[in-house]
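Student: Handing you a structure now.
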Amino acid sequence: MNVIAIDGPAASGKTTVGKMLAQRLGYLILDTGCMYRAVTLAALRAGVNVHDDTAVSQLAHQIDLEIQPAQNHADGRAYTLLLDGEDVTWDIRSPEVDANVSYISKYAAVRHEMVRQQRAISEQGDVVMVGRDIGTVVLPDAPLKLYITATAEERARRRLRDRQDQGNYESGYEVILADIKRRDELDSNRAHSPLKPAADAIMIDSSDHTAEEILAQILALQEALA
């Protein structure tokens with residue numbers, strides 16, 4: 001099974017590195033977090049209470065999600081995400097989705113449905129899968145498991161830069177830092193599939209390293225396993 005599992009907290013750099021790795025290897029990049037964000041966006045648009053487990057779980061089974069390679073787009077996206085046929089690749093990155101996705105991603109029925117879809121994609125092979133429970137739950141047999149982290153302060157700075165690059169100046173550094181810490185707490189302590197490294201995951205701290213340096217390290221690890 002040609003899959004690489006990458007886990008880590010929000011804004012750790014795991015998706016950026018995952019995208020670069022997938023491009024280098026010719027693999028599909030699957031950022032599983034985008035799937036939970038899509039459910040969150042769908043709930044917000046439909047006026048579904050994000051704290052209503054049953055209603056959100058029903059919605060997760062009803063919506064149609066499709067993840068495509070980022071072809072014919074020059075806006076920096078790593079993939080194209082379609083929600084019921086609509087391109088929502090950037091819509092899922094809004095502050096409102098950021099503030100609510102951790103509530104929705106903790107629901108067991110939502111996670112069960114997303115994991116089912118993620119495993120179906122992995123069976124096609126040649127995929128770099130990025131998330132928070134890939135090595136522990138989704139793909140526990142992946143031959144290479146990585147856990148990329150960084151300090152909360154560095155992750156907040158990265159998230160701030162990302163939003164400003166997208167023209168979003170609504171939230172300042174302190175607000176984003178507080179949200180990063182809140183999400184870490186929710187993700188690490190949820191009952192179902194909490195954020196944590198797999199026992200056999202290779203830990204990588206990206207705080208003081210560029211994405212290119214992390215990529216080189218992972219490529220060396222991948223080559224050693226080949």
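Ordered as shown in the structure tokens, chains take letters A, B, and onward, while each chain numbers its residues from 1 and ligands are numbered from 1 in the order shown.
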As a PyMOL selection string, please: the residues near range 103-111 of chain A (cut-off 8 Å, only C-alpha atoms, same-chain neighbours under 5 positions excluded).
Tutor: chain A and resi 36+39-40+50-51+53+56-57+60-61+186-187+190-193
Student: Leaving out Lys145 in chain A and any residue of its chain fewer than 4 positions from it, which residues lie within 8 Å of it when counting only C-alpha atoms, given as a list in words?
Tutor: Ile4, Ala5, Ile6, Asp7, Gly135, Ala198, Asp200, Ala201 and Ile202 of chain A
Student: Hey, can you spit out that residue selection with all heavy atoms as an mmCIF file, in the first residue's frame?
Tutor:
```
data_model
loop_
_atom_site.group_PDB
_atom_site.id
_atom_site.type_symbol
_atom_site.label_atom_id
_atom_site.label_comp_id
_atom_site.auth_asym_id
_atom_site.auth_seq_id
_atom_site.Cartn_x
_atom_site.Cartn_y
_atom_site.Cartn_z
ATOM 1 N N ILE A 4 1.417 7.402 2.676
ATOM 2 C CA ILE A 4 2.204 8.031 3.729
ATOM 3 C C ILE A 4 1.239 8.788 4.621
ATOM 4 O O ILE A 4 0.433 9.592 4.137
ATOM 5 C CB ILE A 4 3.262 8.982 3.144
ATOM 6 C CG1 ILE A 4 4.256 8.189 2.281
ATOM 7 C CG2 ILE A 4 3.991 9.722 4.268
ATOM 8 C CD1 ILE A 4 5.277 9.054 1.562
ATOM 9 N N ALA A 5 1.284 8.518 5.912
ATOM 10 C CA ALA A 5 0.381 9.143 6.876
ATOM 11 C C ALA A 5 1.092 10.287 7.582
ATOM 12 O O ALA A 5 2.181 10.101 8.132
ATOM 13 C CB ALA A 5 -0.092 8.111 7.898
ATOM 14 N N ILE A 6 0.485 11.469 7.548
ATOM 15 C CA ILE A 6 1.049 12.636 8.227
ATOM 16 C C ILE A 6 0.001 13.220 9.159
ATOM 17 O O ILE A 6 -1.078 13.601 8.726
ATOM 18 C CB ILE A 6 1.503 13.715 7.227
ATOM 19 C CG1 ILE A 6 2.521 13.140 6.233
ATOM 20 C CG2 ILE A 6 2.097 14.900 7.979
ATOM 21 C CD1 ILE A 6 3.014 14.160 5.209
ATOM 22 N N ASP A 7 0.319 13.288 10.433
ATOM 23 C CA ASP A 7 -0.573 13.868 11.435
ATOM 24 C C ASP A 7 0.089 15.074 12.084
ATOM 25 O O ASP A 7 1.304 15.280 11.975
ATOM 26 C CB ASP A 7 -0.917 12.836 12.518
ATOM 27 C CG ASP A 7 -1.806 11.722 11.999
ATOM 28 O OD1 ASP A 7 -2.874 12.037 11.445
ATOM 29 O OD2 ASP A 7 -1.438 10.537 12.130
ATOM 30 N N GLY A 135 -2.443 8.087 11.289
ATOM 31 C CA GLY A 135 -1.607 6.973 11.731
ATOM 32 C C GLY A 135 -2.215 6.145 12.835
ATOM 33 O O GLY A 135 -1.895 4.967 12.990
ATOM 34 N N ALA A 198 0.898 8.363 16.523
ATOM 35 C CA ALA A 198 0.896 6.906 16.605
ATOM 36 C C ALA A 198 2.161 6.467 17.342
ATOM 37 O O ALA A 198 3.170 7.170 17.341
ATOM 38 C CB ALA A 198 0.861 6.302 15.203
ATOM 39 N N ASP A 200 4.322 4.393 16.617
ATOM 40 C CA ASP A 200 5.477 4.205 15.735
ATOM 41 C C ASP A 200 5.671 5.368 14.765
ATOM 42 O O ASP A 200 6.392 5.248 13.772
ATOM 43 C CB ASP A 200 5.347 2.897 14.952
ATOM 44 C CG ASP A 200 4.042 2.795 14.181
ATOM 45 O OD1 ASP A 200 3.137 3.609 14.427
ATOM 46 O OD2 ASP A 200 3.923 1.887 13.334
ATOM 47 N N ALA A 201 5.064 6.514 15.063
ATOM 48 C CA ALA A 201 5.225 7.686 14.198
ATOM 49 C C ALA A 201 6.574 8.346 14.442
ATOM 50 O O ALA A 201 7.101 8.353 15.558
ATOM 51 C CB ALA A 201 4.108 8.684 14.445
ATOM 52 N N ILE A 202 7.137 8.919 13.397
ATOM 53 C CA ILE A 202 8.378 9.683 13.499
ATOM 54 C C ILE A 202 8.016 11.137 13.774
ATOM 55 O O ILE A 202 7.277 11.749 13.019
ATOM 56 C CB ILE A 202 9.199 9.554 12.203
ATOM 57 C CG1 ILE A 202 9.608 8.089 11.996
ATOM 58 C CG2 ILE A 202 10.434 10.452 12.256
ATOM 59 C CD1 ILE A 202 10.223 7.809 10.653
#
```
Student: Compile the contact shell of Leu59 in chain A as JSON, numbers by chain: residues with an atom at most 8 Å away, counting only C-alpha atoms, same-chain residues fewer than 4 positions apart removed.
Tutor: {"A": [39, 42, 43, 55, 63]}
Student: I want to know what sits within 8 Å of Gly33 in chain A, based on only C-alpha atoms, with residues of the same chain fewer than 3 positions away left out; could you give that as number ranges by chain?
Tutor: A: 36-37, 130-132
Student: Write out, as a PDB file, in the first residue's frame, the residues just selected, with C-alpha atoms.
Tutor:
```
ATOM      1  CA  TYR A  36     -14.482  17.990   8.302  1.00  0.00           C
ATOM      2  CA  ARG A  37     -14.303  21.625   7.259  1.00  0.00           C
ATOM      3  CA  VAL A 130      -2.742  14.381   6.120  1.00  0.00           C
ATOM      4  CA  GLY A 131      -4.848  14.812   9.256  1.00  0.00           C
ATOM      5  CA  ARG A 132      -5.014  14.272  12.992  1.00  0.00           C
TER       6      ARG A 132
END
```
Student: What is the distance between CA of Glu66 in chain A and CA of Asp52 in chain A, in Å to one decimal?
Tutor: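 Separation between CA of Glu66 in chain A and CA of Asp52 in chain A: 24.7 Å.
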Student: Would you return as a VMD selection string the members of range 9-216 of chain A that DSSP assigns to helix (DSSP H, G or I) on this structure's backbone?
Tutor: chain A and resid 14 to 25 33 to 46 53 to 62 91 to 93 95 to 104 108 to 122 134 to 138 152 to 165 173 to 189 211 to 216
Student: In Å, how far is it from CA of Arg157 in chain A to CA of Leu219 in chain A?
Tutor: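 CA of Leu219 in chain A lies 26.4 Å from CA of Arg157 in chain A.
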Student: What's the 8 Å shell around Lys19 in chain A, counting only C-alpha atoms, without same-chain residues fewer than 3 positions away, as a list in words?
Tutor: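 Contacts, in chain order: Thr15, Thr16, Ala22, Gln23, Ile29, Ala78 and Val128 of chain A.
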Student: Export, as a tab-separated table (two decimals), in the first residue's frame, the selected residues with C-alpha atoms.
Tutor:
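Produced file out_22.tsv, reproduced below:
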```tsv
chain	number	residue	atom	x	y	z
A	15	THR	CA	-0.41	20.15	4.76
A	16	THR	CA	2.23	22.33	3.09
A	22	ALA	CA	2.92	14.39	-3.00
A	23	GLN	CA	4.13	16.53	-5.89
A	29	ILE	CA	-2.54	14.74	-1.57
A	78	ALA	CA	-3.18	21.85	-3.07
A	128	VAL	CA	-0.13	11.26	1.02
```
Student: For CA of Asp64 in chain A and CA of Asn2 in chain A, determine how far apart the two atoms are, in Å to one decimal place.
Tutor: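 We find that CA of Asp64 in chain A and CA of Asn2 in chain A lie 26.0 Å from each other.
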Student: For Gln124 in chain A, work out the shell of residues within 12 Å, counting only C-alpha atoms and skipping chain neighbours fewer than 6 positions away, then give it as an MDAnalysis selection string.
Tutor: chainID A and resid 1:3 27:28 117:118
Student: Just N, CA and C atoms for this one: save the residues we selected as an mmCIF file, in the first residue's frame.
Tutor:
```cif
data_model
loop_
_atom_site.group_PDB
_atom_site.id
_atom_site.type_symbol
_atom_site.label_atom_id
_atom_site.label_comp_id
_atom_site.auth_asym_id
_atom_site.auth_seq_id
_atom_site.Cartn_x
_atom_site.Cartn_y
_atom_site.Cartn_z
ATOM 1 N N MET A 1 0.853 -1.192 0.000
ATOM 2 C CA MET A 1 0.000 0.000 0.000
ATOM 3 C C MET A 1 0.888 1.241 0.000
ATOM 4 N N ASN A 2 0.934 1.985 -1.104
ATOM 5 C CA ASN A 2 1.781 3.158 -1.230
ATOM 6 C C ASN A 2 1.089 4.373 -0.632
ATOM 7 N N VAL A 3 1.112 4.460 0.693
ATOM 8 C CA VAL A 3 0.506 5.589 1.386
ATOM 9 C C VAL A 3 1.467 6.093 2.455
ATOM 10 N N TYR A 27 2.115 11.569 -6.084
ATOM 11 C CA TYR A 27 0.998 11.005 -5.342
ATOM 12 C C TYR A 27 -0.149 12.022 -5.256
ATOM 13 N N LEU A 28 -1.326 11.540 -4.899
ATOM 14 C CA LEU A 28 -2.450 12.398 -4.570
ATOM 15 C C LEU A 28 -2.251 12.920 -3.151
ATOM 16 N N GLN A 117 -14.723 7.113 3.965
ATOM 17 C CA GLN A 117 -14.378 7.709 2.677
ATOM 18 C C GLN A 117 -12.864 7.813 2.498
ATOM 19 N N GLN A 118 -12.166 8.148 3.564
ATOM 20 C CA GLN A 118 -10.704 8.270 3.495
ATOM 21 C C GLN A 118 -10.047 6.927 3.196
#
```
Student: Output as a Markdown table one row per residue of range 127-208 of chain A within 9 Å of range 83-102 of chain A: the closest atom pair and its distance in Å to one decimal place, counting only C-alpha atoms, sorted by chain and residue number ascending.
Tutor:
```
| residue | atom | partner | partner_atom | distance |
| --- | --- | --- | --- | --- |
| A:Arg163 | CA | A:Arg93 | CA | 8.5 |
| A:Gln166 | CA | A:Trp90 | CA | 8.9 |
| A:Asn168 | CA | A:Ser94 | CA | 8.6 |
| A:Glu170 | CA | A:Pro95 | CA | 8.2 |
| A:Ser171 | CA | A:Pro95 | CA | 8.0 |
| A:Asp179 | CA | A:Ala99 | CA | 7.3 |
| A:Arg183 | CA | A:Ser102 | CA | 6.3 |
| A:Leu186 | CA | A:Ser102 | CA | 6.5 |
| A:Asp187 | CA | A:Ser102 | CA | 6.6 |
```
Student: Create the file for the chosen residues now, containing N, CA and C atoms and written as a tab-separated table (two decimals), in the first residue's frame.
Tutor:
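The resulting result-v3.tsv:
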```
chain	number	residue	atom	x	y	z
A	163	ARG	N	-3.88	33.81	6.28
A	163	ARG	CA	-5.11	34.57	6.13
A	163	ARG	C	-4.86	35.91	5.44
A	166	GLN	N	-4.55	35.64	1.85
A	166	GLN	CA	-5.86	35.45	1.21
A	166	GLN	C	-6.71	36.72	1.29
A	168	ASN	N	-7.58	38.27	4.11
A	168	ASN	CA	-8.44	38.25	5.29
A	168	ASN	C	-7.69	38.86	6.47
A	170	GLU	N	-9.41	39.98	9.34
A	170	GLU	CA	-10.41	40.09	10.40
A	170	GLU	C	-9.84	39.80	11.78
A	171	SER	N	-8.91	38.84	11.88
A	171	SER	CA	-8.41	38.41	13.18
A	171	SER	C	-6.93	38.73	13.32
A	179	ASP	N	-7.25	30.80	19.52
A	179	ASP	CA	-8.03	29.79	18.81
A	179	ASP	C	-7.21	28.53	18.57
A	183	ARG	N	-8.29	24.91	19.95
A	183	ARG	CA	-8.45	23.75	19.07
A	183	ARG	C	-7.56	22.61	19.52
A	186	LEU	N	-9.36	20.93	22.38
A	186	LEU	CA	-10.51	20.15	21.93
A	186	LEU	C	-10.08	18.89	21.18
A	187	ASP	N	-9.12	19.05	20.26
A	187	ASP	CA	-8.70	17.93	19.43
A	187	ASP	C	-7.98	16.85	20.23
```
Student: With a distance cut-off of 8 Å and only C-alpha atoms, select the neighbouring residues of Ala10 in chain A, excluding the residue or stretch itself and same-chain residues fewer than 4 positions from it, and output the selection as a ChimeraX atom specification.
Tutor: /A:155,180,183-184
Student: As a PyMOL selection string, list the residues of range 38-155 of chain A assigned to strand (DSSP E or B) by DSSP on the backbone atoms of this structure.
Tutor: chain A and resi 65-69+79-83+86-87+127-131+144-149
Student: Give the answer as one residue: which of A:Ala74, A:Val48, A:Leu30, A:Met203 has the shortest atom-to-atom distance to Ser122 in chain A, using only C-alpha atoms?
Tutor: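 The answer is A:Leu30, which sits nearest to Ser122 in chain A.
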Student: With distances taken over only C-alpha atoms, which of A:Ala178, A:Met114, A:Leu195, A:Leu81 is nearest to Thr136 in chain A?
Tutor: A:Leu195
